[in-house]
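input04.cif (mmCIF, C-alpha atoms)
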data_run
loop_
_atom_site.label_atom_id
_atom_site.label_comp_id
_atom_site.auth_asym_id
_atom_site.auth_seq_id
_atom_site.Cartn_x
_atom_site.Cartn_y
_atom_site.Cartn_z
CA MET G 1495 0.09 25.10 -17.01
CA SER G 1496 -2.14 24.33 -14.05
CA LYS G 1497 -4.56 22.97 -16.64
CA SER G 1498 -3.86 19.85 -18.63
CA ASN G 1499 -5.50 17.99 -21.44
CA VAL G 1500 -6.58 14.50 -20.47
CA SER G 1501 -7.82 11.72 -22.66
CA MET G 1502 -9.04 8.40 -21.41
CA THR G 1503 -11.52 5.67 -22.19
CA VAL G 1504 -14.45 5.47 -19.80
CA ASN G 1505 -16.88 2.58 -20.11
CA GLY G 1506 -15.65 1.95 -23.63
CA LYS G 1507 -16.06 5.54 -24.76
CA ALA G 1508 -13.13 7.84 -25.59
CA VAL G 1509 -13.35 11.11 -23.69
CA SER G 1510 -11.03 14.07 -23.46
CA ALA G 1511 -11.13 17.45 -21.75
CA GLU G 1512 -9.00 20.23 -20.39
CA VAL G 1513 -9.05 19.96 -16.62
CA GLU G 1514 -7.29 21.66 -13.77
CA SER G 1515 -4.44 19.49 -12.50
CA ARG G 1516 -5.95 19.44 -9.02
CA VAL G 1517 -9.25 17.91 -10.15
CA LEU G 1518 -9.62 14.48 -8.59
CA LEU G 1519 -10.77 11.67 -10.85
CA ILE G 1520 -13.98 11.23 -8.83
CA HIS G 1521 -14.95 14.85 -9.52
CA TYR G 1522 -14.05 14.52 -13.19
CA LEU G 1523 -16.22 11.41 -13.52
CA ARG G 1524 -19.17 12.84 -11.63
CA GLU G 1525 -19.11 16.48 -12.68
CA ASN G 1526 -17.59 16.49 -16.15
CA LEU G 1527 -18.88 13.17 -17.41
CA GLY G 1528 -22.08 12.97 -15.37
CA LEU G 1529 -21.19 9.51 -14.09
CA THR G 1530 -22.62 9.74 -10.60
CA GLY G 1531 -22.49 6.00 -9.93
CA PRO G 1532 -19.11 6.19 -8.19
CA HIS G 1533 -19.93 7.88 -4.90
CA ILE G 1534 -18.05 10.28 -2.69
CA GLY G 1535 -18.18 8.82 0.80
CA CYS G 1536 -15.32 9.62 3.14
CA GLU G 1537 -13.01 11.49 0.75
CA THR G 1538 -10.09 10.09 2.76
CA SER G 1539 -9.31 6.83 0.89
CA HIS G 1540 -11.02 4.69 3.50
CA CYS G 1541 -14.57 3.85 2.47
CA GLY G 1542 -14.19 2.64 -1.12
CA ALA G 1543 -17.54 4.09 -2.33
CA CYS G 1544 -15.63 5.84 -5.15
CA THR G 1545 -13.93 2.65 -6.37
CA VAL G 1546 -13.55 2.33 -10.13
CA ASP G 1547 -11.50 -0.01 -12.28
CA ILE G 1548 -8.47 1.59 -13.94
CA ASP G 1549 -6.44 -0.56 -16.34
CA GLY G 1550 -7.40 -3.71 -14.46
CA LYS G 1551 -6.83 -2.30 -10.98
CA SER G 1552 -9.39 -1.31 -8.36
CA VAL G 1553 -8.67 2.30 -7.47
CA LYS G 1554 -10.27 4.82 -5.12
CA ALA G 1555 -11.14 7.64 -7.49
CA CYS G 1556 -10.95 10.18 -4.65
CA THR G 1557 -7.22 9.56 -4.32
CA ILE G 1558 -6.00 10.05 -7.87
CA PHE G 1559 -5.96 13.16 -10.00
CA ALA G 1560 -7.75 13.00 -13.33
CA VAL G 1561 -4.46 13.94 -15.06
CA GLN G 1562 -2.84 10.80 -13.63
CA ALA G 1563 -5.38 8.71 -15.52
CA GLU G 1564 -4.18 10.02 -18.88
CA GLY G 1565 -4.51 7.22 -21.43
CA ALA G 1566 -6.22 4.90 -18.97
CA ASN G 1567 -9.08 2.52 -19.56
CA ILE G 1568 -11.69 3.10 -16.85
CA LEU G 1569 -14.75 1.09 -15.90
CA THR G 1570 -17.40 2.49 -13.57
CA ILE G 1571 -20.64 0.92 -12.38
CA GLU G 1572 -22.39 2.55 -15.35
CA GLY G 1573 -20.34 0.35 -17.68
CA MET G 1574 -21.16 -2.96 -16.02
CA ALA G 1575 -24.56 -3.76 -17.53
CA GLY G 1576 -24.85 -4.84 -21.15
CA ALA G 1577 -25.75 -2.37 -23.89
CA ASP G 1578 -29.19 -3.99 -23.96
CA GLY G 1579 -29.68 -3.17 -20.28
CA LYS G 1580 -29.08 -6.74 -19.12
CA LEU G 1581 -27.59 -6.59 -15.66
CA HIS G 1582 -24.03 -7.75 -15.08
CA VAL G 1583 -23.96 -11.00 -13.12
CA LEU G 1584 -22.69 -9.12 -10.04
CA GLN G 1585 -25.53 -6.62 -10.25
CA GLU G 1586 -27.99 -9.47 -10.54
CA ALA G 1587 -26.29 -11.21 -7.62
CA PHE G 1588 -26.52 -8.16 -5.35
CA ARG G 1589 -30.22 -7.88 -6.20
CA GLU G 1590 -30.97 -11.58 -5.73
CA MET G 1591 -29.00 -11.98 -2.51
CA HIS G 1592 -30.06 -8.64 -0.98
CA GLY G 1593 -26.46 -7.44 -1.01
CA LEU G 1594 -27.50 -3.86 -0.35
CA GLN G 1595 -29.81 -1.81 1.78
CA CYS G 1596 -29.21 1.93 1.30
CA GLY G 1597 -27.08 1.28 -1.76
CA TYR G 1598 -24.46 3.92 -1.10
CA CYS G 1599 -21.50 1.54 -1.05
CA THR G 1600 -22.87 -0.68 -3.82
CA PRO G 1601 -21.22 0.84 -6.92
CA GLY G 1602 -17.84 0.60 -5.22
CA MET G 1603 -18.58 -2.89 -3.89
CA ILE G 1604 -19.58 -4.17 -7.31
CA THR G 1605 -16.68 -2.66 -9.26
CA ARG G 1606 -14.29 -3.97 -6.59
CA ALA G 1607 -15.93 -7.42 -6.59
CA HIS G 1608 -15.64 -7.46 -10.37
CA ARG G 1609 -11.84 -7.10 -10.22
CA LEU G 1610 -11.64 -9.59 -7.35
CA LEU G 1611 -13.45 -12.23 -9.40
CA GLU G 1612 -11.37 -11.45 -12.48
CA GLU G 1613 -8.25 -12.24 -10.45
CA ASN G 1614 -9.72 -15.04 -8.38
CA PRO G 1615 -12.84 -16.56 -9.97
CA ASN G 1616 -13.39 -18.99 -7.12
CA PRO G 1617 -12.68 -17.14 -3.87
CA THR G 1618 -13.25 -18.52 -0.41
CA ASP G 1619 -15.37 -16.65 2.08
CA ALA G 1620 -12.19 -15.32 3.73
CA GLU G 1621 -10.72 -14.25 0.40
CA ILE G 1622 -13.88 -12.33 -0.42
CA ARG G 1623 -13.81 -10.60 2.94
CA MET G 1624 -10.14 -9.64 2.53
CA GLY G 1625 -10.82 -8.69 -1.09
CA ILE G 1626 -13.50 -6.17 -0.15
CA SER G 1627 -11.76 -4.97 3.00
CA GLY G 1628 -11.23 -1.59 1.37
CA ASN G 1629 -14.99 -1.08 1.00
CA LEU G 1630 -17.12 -0.10 3.96
CA CYS G 1631 -20.81 -0.92 4.28
CA ARG G 1632 -22.74 0.48 7.23
CA CYS G 1633 -26.01 -1.35 6.56
CA THR G 1634 -25.64 -5.01 5.75
CA GLY G 1635 -23.00 -6.33 8.10
CA TYR G 1636 -21.41 -7.69 4.89
CA GLN G 1637 -23.11 -11.08 5.19
CA ASN G 1638 -25.27 -10.67 2.11
CA ILE G 1639 -22.54 -8.90 0.17
CA VAL G 1640 -20.31 -11.94 0.63
CA LYS G 1641 -23.21 -14.18 -0.43
CA ALA G 1642 -23.82 -12.04 -3.50
CA ILE G 1643 -20.20 -12.34 -4.58
CA GLN G 1644 -20.34 -16.11 -4.01
CA TYR G 1645 -23.53 -16.23 -6.07
CA ALA G 1646 -21.85 -14.30 -8.90
CA ALA G 1647 -18.74 -16.50 -8.72
CA ALA G 1648 -20.88 -19.64 -8.95
CA LYS G 1649 -22.74 -18.25 -11.93
CA ILE G 1650 -19.51 -17.23 -13.69
CA ASN G 1651 -18.11 -20.72 -13.08
CA GLY G 1652 -21.32 -22.31 -14.37
CA VAL G 1653 -22.11 -24.12 -11.14
CA GLU G 1654 -25.20 -23.97 -8.99
CA TYR G 1655 -25.01 -21.53 -6.09
CA LYS G 1656 -25.42 -23.24 -2.75
CA GLU G 1657 -25.77 -21.15 0.34
CA ALA G 1658 -23.35 -22.24 3.01
CA ALA G 1659 -24.91 -23.34 6.28
CA GLU G 1660 -24.93 -20.51 8.81
CA MET P 204 -11.65 18.50 0.08
CA ILE P 205 -9.95 20.12 -2.89
CA PRO P 206 -6.16 20.35 -3.06
CA GLY P 207 -4.40 23.62 -3.88
CA THR P 208 -3.43 24.52 -7.42
CA PHE P 209 -0.32 22.97 -8.92
CA ASP P 210 1.31 22.33 -12.26
CA TYR P 211 1.51 18.71 -13.32
CA HIS P 212 4.56 17.17 -15.01
CA ARG P 213 5.01 13.66 -16.28
CA PRO P 214 8.62 13.04 -17.35
CA ALA P 215 9.43 9.92 -19.38
CA ASN P 216 12.78 9.08 -17.78
CA ILE P 217 14.75 9.65 -14.58
CA SER P 218 17.14 12.26 -16.00
CA ASP P 219 14.25 14.41 -17.24
CA ALA P 220 12.64 14.13 -13.80
CA ILE P 221 15.87 15.28 -12.12
CA VAL P 222 16.29 18.20 -14.52
CA LEU P 223 12.66 19.20 -13.89
CA LEU P 224 13.13 19.12 -10.12
CA SER P 225 16.24 21.27 -10.28
CA ARG P 226 14.50 23.79 -12.54
CA LEU P 227 11.21 24.07 -10.65
CA ASP P 228 10.45 25.92 -7.42
CA SER P 229 11.88 24.27 -4.35
CA ASP P 230 8.44 23.20 -3.16
CA ALA P 231 7.95 20.93 -6.17
CA ARG P 232 7.16 17.39 -5.05
CA VAL P 233 7.63 14.02 -6.63
CA ILE P 234 4.47 11.90 -6.74
CA ALA P 235 4.57 8.10 -6.93
CA GLY P 236 1.32 6.29 -6.03
CA GLY P 237 0.18 9.45 -4.29
CA HIS P 238 -1.62 7.63 -1.48
CA SER P 239 0.30 9.55 1.18
CA LEU P 240 0.72 12.81 -0.71
CA ILE P 241 -2.78 13.29 -2.17
CA PRO P 242 -4.54 12.88 1.21
CA MET P 243 -2.10 15.45 2.64
CA MET P 244 -2.80 17.78 -0.29
CA LYS P 245 -6.53 17.40 0.24
CA LEU P 246 -6.08 18.46 3.86
CA ARG P 247 -3.77 21.27 2.64
CA LEU P 248 -1.05 19.89 4.87
CA ALA P 249 0.92 19.84 1.63
CA ALA P 250 0.47 22.41 -1.13
CA PRO P 251 3.25 21.89 -3.67
CA SER P 252 3.26 24.27 -6.62
CA HIS P 253 4.44 21.48 -8.94
CA LEU P 254 3.96 17.73 -9.01
CA VAL P 255 6.44 15.58 -10.89
CA ASP P 256 4.68 12.29 -11.56
CA LEU P 257 7.00 9.28 -11.77
CA ALA P 258 4.33 7.03 -13.31
CA GLY P 259 5.61 7.50 -16.85
CA ILE P 260 9.12 6.24 -16.10
CA PRO P 261 9.39 2.53 -16.98
CA GLU P 262 12.88 2.12 -15.49
CA LEU P 263 11.45 2.67 -11.98
CA LYS P 264 9.31 -0.45 -12.24
CA GLY P 265 10.05 -4.07 -11.56
CA VAL P 266 12.08 -6.48 -9.46
CA ARG P 267 15.33 -8.15 -10.46
CA LEU P 268 18.19 -10.17 -9.02
CA GLU P 269 21.69 -8.66 -9.24
CA GLY P 270 24.30 -10.95 -7.70
CA SER P 271 22.97 -11.67 -4.23
CA ASP P 272 20.97 -8.42 -4.10
CA ILE P 273 17.35 -7.99 -5.04
CA ILE P 274 16.70 -4.66 -6.71
CA VAL P 275 13.17 -3.34 -6.32
CA GLY P 276 12.22 -0.37 -8.50
CA ALA P 277 10.77 2.48 -6.48
CA MET P 278 7.50 2.51 -8.45
CA THR P 279 6.76 -1.17 -7.77
CA THR P 280 3.34 -1.28 -6.13
CA GLN P 281 2.43 -3.22 -2.99
CA HIS P 282 0.10 -5.32 -5.16
CA GLU P 283 3.00 -6.20 -7.46
CA ILE P 284 5.20 -7.07 -4.47
CA ILE P 285 2.57 -9.48 -3.16
CA ALA P 286 2.33 -11.15 -6.58
CA ASN P 287 6.08 -11.30 -7.29
CA ASP P 288 7.52 -14.83 -7.23
CA LEU P 289 11.16 -13.76 -7.10
CA LEU P 290 10.48 -11.79 -3.93
CA ALA P 291 8.38 -14.61 -2.48
CA ALA P 292 11.29 -17.01 -3.04
CA HIS P 293 14.04 -14.80 -1.62
CA ILE P 294 12.44 -12.30 0.78
CA PRO P 295 9.03 -13.66 1.80
CA ILE P 296 8.68 -11.10 4.60
CA LEU P 297 7.98 -8.50 1.90
CA ARG P 298 4.77 -10.24 0.87
CA GLU P 299 3.78 -10.75 4.50
CA THR P 300 4.25 -7.04 5.17
CA SER P 301 2.64 -5.69 2.00
CA THR P 302 -0.44 -7.76 2.73
CA VAL P 303 -1.08 -5.86 5.98
CA ILE P 304 -0.56 -2.42 4.44
CA ALA P 305 -3.78 -0.45 3.88
CA ASP P 306 -6.40 -2.24 1.74
CA PRO P 307 -6.59 -3.83 -1.72
CA GLN P 308 -7.35 -0.60 -3.59
CA VAL P 309 -4.51 1.27 -1.92
CA ARG P 310 -2.10 -1.61 -2.59
CA TYR P 311 -2.84 -1.48 -6.33
CA VAL P 312 -1.51 2.08 -6.39
CA GLY P 313 0.75 2.58 -3.38
CA THR P 314 4.43 1.98 -4.11
CA ILE P 315 7.33 0.69 -2.06
CA GLY P 316 9.35 3.78 -2.98
CA GLY P 317 6.67 6.08 -1.68
CA ASN P 318 6.31 3.99 1.45
CA VAL P 319 10.00 4.26 2.37
CA ALA P 320 10.92 7.65 0.92
CA ASN P 321 8.85 10.21 2.75
CA GLY P 322 9.80 9.35 6.32
CA ASP P 323 6.29 8.79 7.63
CA PRO P 324 6.86 6.86 10.88
CA GLY P 325 3.50 5.13 10.39
CA ASN P 326 4.62 3.41 7.19
CA ASP P 327 5.47 -0.27 7.49
CA MET P 328 8.30 -0.75 5.01
CA PRO P 329 10.99 1.41 6.68
CA ALA P 330 11.32 -0.87 9.72
CA LEU P 331 11.42 -3.86 7.42
CA MET P 332 14.13 -2.27 5.28
CA MET P 333 16.15 -1.60 8.44
CA ALA P 334 15.80 -5.23 9.50
CA LEU P 335 16.86 -6.40 6.03
CA ASP P 336 19.75 -3.89 5.91
CA ALA P 337 18.47 -2.53 2.61
CA THR P 338 20.11 0.35 0.76
CA TYR P 339 18.26 3.15 -0.98
CA VAL P 340 19.48 4.48 -4.32
CA LEU P 341 19.00 8.23 -4.57
CA SER P 342 19.37 9.86 -7.97
CA GLY P 343 20.07 13.57 -8.16
CA PRO P 344 21.76 16.26 -10.24
CA LYS P 345 25.17 14.97 -9.12
CA GLY P 346 24.43 11.36 -10.04
CA ASP P 347 23.47 8.38 -7.92
CA ARG P 348 24.37 7.74 -4.32
CA ARG P 349 23.44 4.99 -1.92
CA ILE P 350 22.41 5.25 1.66
CA ALA P 351 21.56 2.51 4.15
CA ALA P 352 17.95 2.41 5.32
CA ARG P 353 19.35 2.38 8.84
CA ASP P 354 20.89 5.84 8.21
CA TYR P 355 18.10 7.38 6.15
CA TYR P 356 15.47 8.44 8.69
CA GLU P 357 16.13 11.60 10.71
CA GLY P 358 12.72 12.56 12.08
CA PRO P 359 9.04 12.59 11.14
CA TYR P 360 8.97 13.30 7.39
CA THR P 361 12.64 14.24 7.59
CA THR P 362 15.17 12.09 5.80
CA ALA P 363 18.71 12.13 4.48
CA ALA P 364 17.43 12.73 0.93
CA ARG P 365 18.61 16.10 -0.36
CA PRO P 366 16.42 18.52 -2.29
CA GLY P 367 16.20 17.46 -5.90
CA GLU P 368 16.96 13.81 -5.21
CA ILE P 369 14.60 10.99 -6.15
CA LEU P 370 14.60 7.59 -4.48
CA THR P 371 14.78 5.37 -7.55
CA ALA P 372 15.46 1.86 -6.25
CA ILE P 373 15.88 -0.27 -3.16
CA ARG P 374 18.69 -2.81 -2.96
CA ILE P 375 18.02 -5.63 -0.56
CA PRO P 376 20.66 -8.26 0.22
CA ALA P 377 18.80 -11.57 -0.02
CA PRO P 378 18.74 -13.13 3.46
CA PRO P 379 20.42 -16.55 3.70
CA LYS P 380 18.41 -19.66 2.92
CA PRO P 381 16.88 -20.87 5.10
CA HIS P 382 16.00 -17.98 7.38
CA GLY P 383 13.16 -17.13 9.68
CA TYR P 384 11.05 -14.03 9.26
CA ALA P 385 7.92 -12.40 10.59
CA TYR P 386 6.15 -9.07 10.50
CA GLU P 387 3.78 -8.66 13.43
CA LYS P 388 1.48 -5.67 13.20
CA LEU P 389 -1.08 -4.67 15.79
CA LYS P 390 -3.76 -2.46 14.28
CA ARG P 391 -7.34 -1.57 15.07
CA LYS P 392 -8.76 -2.35 11.64
CA VAL P 393 -7.86 -2.94 8.01
CA GLY P 394 -6.21 0.15 6.62
CA ASP P 395 -4.98 1.44 9.95
CA TYR P 396 -1.42 2.37 10.76
CA ALA P 397 0.24 0.17 13.36
CA THR P 398 -0.38 0.66 17.04
CA ALA P 399 3.02 -1.04 17.10
CA ALA P 400 4.71 -3.48 14.74
CA ALA P 401 7.93 -5.46 14.57
CA ALA P 402 9.89 -6.97 11.68
CA VAL P 403 12.27 -9.85 12.42
CA ILE P 404 14.82 -11.60 10.22
CA LEU P 405 16.90 -14.35 11.79
CA THR P 406 18.95 -17.44 11.06
CA VAL P 407 19.30 -20.53 13.20
CA ALA P 408 22.32 -22.84 13.52
CA ASN P 409 22.35 -25.92 15.74
CA GLY P 410 19.06 -24.94 17.32
CA LYS P 411 20.27 -21.50 18.35
CA ILE P 412 19.78 -18.08 16.82
CA ALA P 413 22.90 -17.23 14.85
CA THR P 414 21.94 -13.84 13.42
CA CYS P 415 18.98 -11.59 14.11
CA SER P 416 17.82 -8.14 13.17
CA ILE P 417 14.69 -6.31 14.28
CA GLY P 418 12.91 -3.19 13.05
CA LEU P 419 10.02 -1.41 14.78
CA THR P 420 7.18 0.55 13.19
CA ASN P 421 5.27 3.59 14.48
CA VAL P 422 6.54 3.69 18.03
CA ALA P 423 8.85 6.71 17.66
CA ASP P 424 9.48 9.68 15.37
CA THR P 425 11.04 7.29 12.86
CA ALA P 426 11.14 3.57 12.28
CA LEU P 427 13.63 2.03 14.70
CA PHE P 428 16.46 -0.45 14.31
CA ALA P 429 16.30 -2.43 17.55
CA LYS P 430 19.89 -3.55 17.93
CA ASP P 431 19.87 -4.45 21.62
CA ALA P 432 16.64 -6.40 21.31
CA ALA P 433 18.20 -8.52 18.56
CA GLN P 434 21.45 -8.93 20.47
CA ALA P 435 19.46 -10.32 23.42
CA VAL P 436 18.40 -13.43 21.52
CA ILE P 437 21.55 -14.22 19.53
CA GLY P 438 23.14 -17.44 20.79
CA THR P 439 19.91 -18.52 22.51
CA ALA P 440 17.20 -21.03 21.65
CA LEU P 441 14.69 -18.27 22.32
CA ASP P 442 13.94 -19.30 25.88
CA LYS P 443 11.54 -17.27 27.97
CA ALA P 444 14.21 -15.15 29.63
CA SER P 445 15.85 -14.06 26.37
CA LEU P 446 12.47 -13.30 24.82
CA ALA P 447 11.66 -11.07 27.79
CA LYS P 448 15.03 -9.40 27.42
CA ALA P 449 14.35 -8.75 23.73
CA SER P 450 10.95 -7.24 24.52
CA ALA P 451 12.52 -5.00 27.12
CA GLY P 452 15.22 -4.01 24.65
CA ALA P 453 12.56 -2.97 22.14
CA GLU P 454 10.50 -1.11 24.70
CA ALA P 455 13.54 0.81 25.90
CA ILE P 456 14.07 2.61 22.59
CA THR P 457 10.45 3.58 21.84
CA SER P 458 8.93 7.02 22.34
CA PRO P 459 5.45 6.72 20.84
CA ALA P 460 2.86 9.47 20.83
CA ALA P 461 -0.40 8.93 22.68
CA ASP P 462 -3.15 8.86 20.07
CA GLY P 463 -6.35 7.06 19.16
CA ARG P 464 -4.36 3.84 19.07
CA GLY P 465 -3.57 4.05 22.77
CA SER P 466 -1.48 5.73 25.41
CA ALA P 467 2.27 6.01 25.04
CA GLU P 468 2.69 3.38 27.76
CA TYR P 469 0.38 0.95 25.99
CA ARG P 470 2.06 1.41 22.63
CA THR P 471 5.48 0.93 24.19
CA LYS P 472 4.28 -2.28 25.80
CA MET P 473 2.84 -3.42 22.47
CA ALA P 474 6.20 -2.81 20.79
CA GLY P 475 7.59 -5.38 23.22
CA VAL P 476 4.73 -7.79 22.61
CA MET P 477 5.03 -7.51 18.81
CA THR P 478 8.78 -8.08 19.08
CA ALA P 479 8.27 -11.27 21.11
CA ARG P 480 5.57 -12.56 18.75
CA ALA P 481 7.63 -11.82 15.64
CA LEU P 482 10.68 -13.49 17.16
CA SER P 483 8.72 -16.59 18.12
CA ARG P 484 7.14 -16.93 14.70
CA ALA P 485 10.41 -16.27 12.86
CA PHE P 486 12.22 -18.81 15.05
CA ALA P 487 9.57 -21.46 14.40
CA ARG P 488 9.81 -20.83 10.67
CA ALA P 489 13.60 -21.10 10.69
CA SER P 490 13.52 -24.27 12.73
CA VAL P 491 11.36 -26.42 10.44
#

I need this file expressed as structure tokens, please.
Amino acid sequence: MSKSNVSMTVNGKAVSAEVESRVLLIHYLRENLGLTGPHIGCETSHCGACTVDIDGKSVKACTIFAVQAEGANILTIEGMAGADGKLHVLQEAFREMHGLQCGYCTPGMITRAHRLLEENPNPTDAEIRMGISGNLCRCTGYQNIVKAIQYAAAKINGVEYKEAAE
Amino acid sequence: MIPGTFDYHRPANISDAIVLLSRLDSDARVIAGGHSLIPMMKLRLAAPSHLVDLAGIPELKGVRLEGSDIIVGAMTTQHEIIANDLLAAHIPILRETSTVIADPQVRYVGTIGGNVANGDPGNDMPALMMALDATYVLSGPKGDRRIAARDYYEGPYTTAARPGEILTAIRIPAPPKPHGYAYEKLKRKVGDYATAAAAVILTVANGKIATCSIGLTNVADTALFAKDAAQAVIGTALDKASLAKASAGAEAITSPAADGRGSAEYRTKMAGVMTARALSRAFARASV
């Protein structure tokens, strides 16, 4: 009984497996499914590098067991780009606005920013900063991450992105 | 960090969950959002042989008005509390408090039941529930019973809940309209537990404080109900002297540990400062 069958949808694809109950979702995604986009950073629910979208919620995949995600619909960074390889607007935004340096936090940042913009398509600078406060970046100082999310928001809203005066 | 082995159960209703708990080994644990329990399991500070997941029980979800009480289902997440209009209209301090708990990802998953049930003195909701005079509904093999939040906490991670009981709902008497409220939390960064925090609920009549209750977070082995601090401001217009008396009343009952958040002396002092700030803000809100 310490093993359970789990079925879920990951990036639009139905998957199922028998996993040990104690397997964390991040390990299931990375080791069973080979989805190494979500990263393991702190393993203590602080850094947000493992953030994925579960049923419309941003969740740290290091702090949920795979069995708890039974029946869930999960989106990871691998599911963001189009089937034709066209980058998601947030991916494009992070590239254009230099929203990353080492890239370690980026998959978590982008999946989190995706949910933030779904809930609030026109966030203020402060709302973006609060919205990504569960994601740590040690390189950028966040400045360009905030700009990237503003760029993506502008594009989603069909308006021209204007960089705010520093 | 890999947790120990356990068997996973996902009952579909409360009675099945209670039957499961009474049948399983005594170290079986209930899991709600899991954002306290899973980190402890990863550190092997907790190694339950069974987890009973409450996520599949719809009756534990949601917020409703019953007479003058607001009933909050134990599995209601912090994110849902922030978004809930009924709560915002009747008990706005809940939104203010949930917003300073952890970070967005944790708030999507972390529940109010989990926050109050396990007796972690670092959690924010217990002090708030004491200030609001909330009642917890515990469901067990012998049926339901109710216990006041002010009587629930016995020590760190030690509560009045008996083995086999599940905290299923929180009943909060809606504070009078209008009332003043504030939750003041001093913390080092987003996601941190409080260095010290204070919850205040008060009413004002003819420019003076008519009723007041205060709860304190993370400055003792349990959340604290600061009766003397509240008494110090009742009947006053919150002048400087009564504010100082309230701060002193709060400081007098603290016994914080020295940790990365500061020395015991500092954290005691901050309990007084948070109390004064919360009182001032609550008073201003009640006076408009």

Show which residues sit within 7 Å of region 430-446 of chain P, as a list in words. Count all atoms listed in the file, and ignore same-chain residues fewer than 5 positions away.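 Residues meeting the cut-off are Gly410, Lys411, Ile412, Ala413, Thr414, Cys415, Ser416, Ile417, Gly452, Ala453 and Ala479 of chain P.
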
Would you pick out the contacts of region 1605-1610 of chain G at 9 Å or less, using all atoms listed in the file, so that residues sharing its chain but fewer than 2 positions from it are not included, and give the list as an MDAnalysis selection string? (chainID G and resid 1542 1545:1547 1550:1553 1569:1571 1574 1584 1600:1603 1612:1615 1617 1622 1625:1626 1628:1629 1643) or (chainID P and resid 308)

Output the residue selection produced by the PyMOL selection byres ((chain P) within 10 of (chain G)) on the file above, formatted as a PyMOL selection string. chain P and resi 204-213+236-246+252-254+256+258-259+282+302+305-312+392-395

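Nearest residue to Ala485 (chain P) among P:Ala286, P:Val407, P:Ala467, P:Ile217 is P:Val407, counting all atoms listed in the file.
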
Work out where the centre of an axis-aligned box around every listed atom of region 389-393 of chain P lies and how long its edges are once 5 Å is added on each side; give both in Å to one decimal as JSON.
{"center_x": -4.9, "center_y": -3.1, "center_z": 11.9, "size_x": 17.7, "size_y": 13.1, "size_z": 17.8}

Would you compute the distance between CA of Ala277 (chain P) and CA of Ala372 (chain P)? Give it in Å to one decimal.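 These two atoms are separated by 4.7 Å.
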
With all atoms listed in the file as the counted atoms, please give the residues lying no more than 12 Å from Arg488 (chain P), apart from itself and same-chain residues fewer than 5 positions off, as an NGL selection string. :P and (295-296 or 380-385 or 403-407 or 481-483)

For Phe428 (chain P), which residue among P:Gly343, P:Ser458, P:Leu331, P:Ser466 is the nearest when counting all atoms listed in the file? P:Leu331

Point-to-point distance from CA of Tyr469 (chain P) to CA of Ala330 (chain P), Å rounded to tenths: 19.7 Å

Could you pull the residues within 10 Å of Asn1526 (chain G), counting all atoms listed in the file, minus those fewer than 4 positions along the same chain, as a tab-separated table (two decimals) with C-alpha atoms, keeping the file's coordinate frame?
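So part33.tsv came out as:
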chain	number	residue	atom	x	y	z
G	1511	ALA	CA	-11.13	17.45	-21.75
G	1513	VAL	CA	-9.05	19.96	-16.62
G	1519	LEU	CA	-10.77	11.67	-10.85
G	1520	ILE	CA	-13.98	11.23	-8.83
G	1521	HIS	CA	-14.95	14.85	-9.52
G	1522	TYR	CA	-14.05	14.52	-13.19

Contacts of Gly465 (chain P) within 12 Å, all atoms listed in the file, excl. fewer than 4 positions in-chain, as a PDB file with C-alpha atoms, in the coordinates of the input:
ATOM      1  CA  LEU P 389      -1.080  -4.670  15.790  1.00  0.00           C
ATOM      2  CA  LYS P 390      -3.760  -2.460  14.280  1.00  0.00           C
ATOM      3  CA  ARG P 391      -7.340  -1.570  15.070  1.00  0.00           C
ATOM      4  CA  ALA P 397       0.240   0.170  13.360  1.00  0.00           C
ATOM      5  CA  THR P 398      -0.380   0.660  17.040  1.00  0.00           C
ATOM      6  CA  ALA P 399       3.020  -1.040  17.100  1.00  0.00           C
ATOM      7  CA  VAL P 422       6.540   3.690  18.030  1.00  0.00           C
ATOM      8  CA  PRO P 459       5.450   6.720  20.840  1.00  0.00           C
ATOM      9  CA  ALA P 460       2.860   9.470  20.830  1.00  0.00           C
ATOM     10  CA  ALA P 461      -0.400   8.930  22.680  1.00  0.00           C
ATOM     11  CA  TYR P 469       0.380   0.950  25.990  1.00  0.00           C
ATOM     12  CA  ARG P 470       2.060   1.410  22.630  1.00  0.00           C
ATOM     13  CA  THR P 471       5.480   0.930  24.190  1.00  0.00           C
ATOM     14  CA  LYS P 472       4.280  -2.280  25.800  1.00  0.00           C
ATOM     15  CA  MET P 473       2.840  -3.420  22.470  1.00  0.00           C
TER      16      MET P 473
END

Could you state which residues are captured by the PyMOL selection byres ((chain P and resi 289) around 9) in this file, as a VMD selection string? chain P and resid 266 to 268 273 287 to 288 290 to 294

Please evaluate the PyMOL selection byres ((chain G and resi 1598) around 10) against the structure above and give the resulting residues as number ranges by chain. G: 1531-1535, 1543-1544, 1594-1597, 1599-1603, 1630-1633

Which one is closest to Gln1585 (chain G): G:Gly1506, G:Gly1652, G:Gly1573, G:Gly1528? Count all atoms listed in the file. G:Gly1573
